[in-house]
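Q: Starting off with a structure, shown below.
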Amino acid sequence: MTISGDLDSAAISVDQPAAALAAAAVSSHQTDPAQRRRLRWRARRGLLENDLVLTRFLDLHEETLTDAEVSGLHQLLELGDNELLDLILQRTESELPAIDVDAASILQRLRGV
């Protein structure tokens with residue numbers, strides 16, 4: 001083995017993980033099937049009503065959701081089942097929790113399902 005051969009192989013082994021990290025950094029909801037599966041799993045709820053609305057919503061819109069919209073959906077999924085259902089059914093509009101614009105947009109779309 002030559003020294004240059006060792007350096008070349010070292011450079012290749014360093015570049016490959018860096019390329020994988022760069023690809024993971026730009027991975028989005030649309031390009032990563034694992035993220036899409038996780039979103040569907042995360043959307044499963046204890047209340048049947050929430051589960052039906054969220055499943056129907058994802059069936060209709062999953063392929064067109066942007067990363068910002070997915071982030072908004074995750075914010076809504078952090079709420080408890082009853083609180084989420086009350087928001088979807090507009091029972092507690094005056095008590096809307098602090099959610100960002102993307103979550104509010106997703107909430108409006110959930111109400112339309």
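Please note that chains go A, B, ... in the order of the structure tokens, that every chain numbers its residues from 1, and that ligands are numbered from 1 in the order shown.
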Using only C-alpha atoms, which residues sit within 8 Å of Asn50 in chain A once same-chain residues fewer than 3 positions away are excluded, as a list in words?

A: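 In the requested form, the answer reads Arg45, Gly46, Leu47, Val53, Leu54, Asp81, Leu84 and Leu85 of chain A.
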
Q: Could you give me, as a PyMOL selection string, the residues within 9 Å of Ala103 in chain A, counting only C-alpha atoms and dropping anything in the same chain fewer than 6 positions from it?

A: chain A and resi 68-76

Q: Next, the residues of the selection above should be written as a CSV table (one decimal), in the first residue's frame with N, CA and C atoms.

A:
```csv
chain,number,residue,atom,x,y,z
A,68,ALA,N,-43.7,22.6,6.2
A,68,ALA,CA,-44.3,23.6,7.2
A,68,ALA,C,-45.7,23.1,7.6
A,69,GLU,N,-46.5,22.6,6.7
A,69,GLU,CA,-47.8,22.1,7.1
A,69,GLU,C,-47.7,20.8,7.9
A,70,VAL,N,-46.7,20.0,7.7
A,70,VAL,CA,-46.5,18.8,8.5
A,70,VAL,C,-46.1,19.2,9.9
A,71,SER,N,-45.3,20.3,10.0
A,71,SER,CA,-44.9,20.8,11.3
A,71,SER,C,-46.2,21.3,12.0
A,72,GLY,N,-47.0,22.0,11.3
A,72,GLY,CA,-48.3,22.5,11.9
A,72,GLY,C,-49.2,21.3,12.4
A,73,LEU,N,-49.2,20.3,11.6
A,73,LEU,CA,-50.0,19.1,12.0
A,73,LEU,C,-49.5,18.5,13.2
A,74,HIS,N,-48.1,18.4,13.3
A,74,HIS,CA,-47.5,17.8,14.5
A,74,HIS,C,-47.9,18.6,15.7
A,75,GLN,N,-47.9,20.0,15.5
A,75,GLN,CA,-48.3,20.8,16.7
A,75,GLN,C,-49.7,20.5,17.1
A,76,LEU,N,-50.6,20.3,16.2
A,76,LEU,CA,-52.0,19.9,16.6
A,76,LEU,C,-52.1,18.6,17.2
```

Q: Have a look at A:Thr55, A:Gln35, A:Gln108, A:Thr66 and name the one nearest to Leu87 in chain A; count only C-alpha atoms.

A: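 Answer, going by the shortest atom-to-atom distance: A:Gln108.
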
Q: Enter the distance from CA of Glu78 in chain A to CA of Ala104 in chain A, in Å, rounded to one decimal.

A: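 So the two atoms, CA of Glu78 in chain A and CA of Ala104 in chain A, lie 13.7 Å apart.
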
Q: Closest to Glu49 in chain A among A:Asp102, A:Leu110, A:Gln30, A:Arg37, using only C-alpha atoms?

A: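 For Glu49 in chain A, the nearest of the given residues is A:Leu110.
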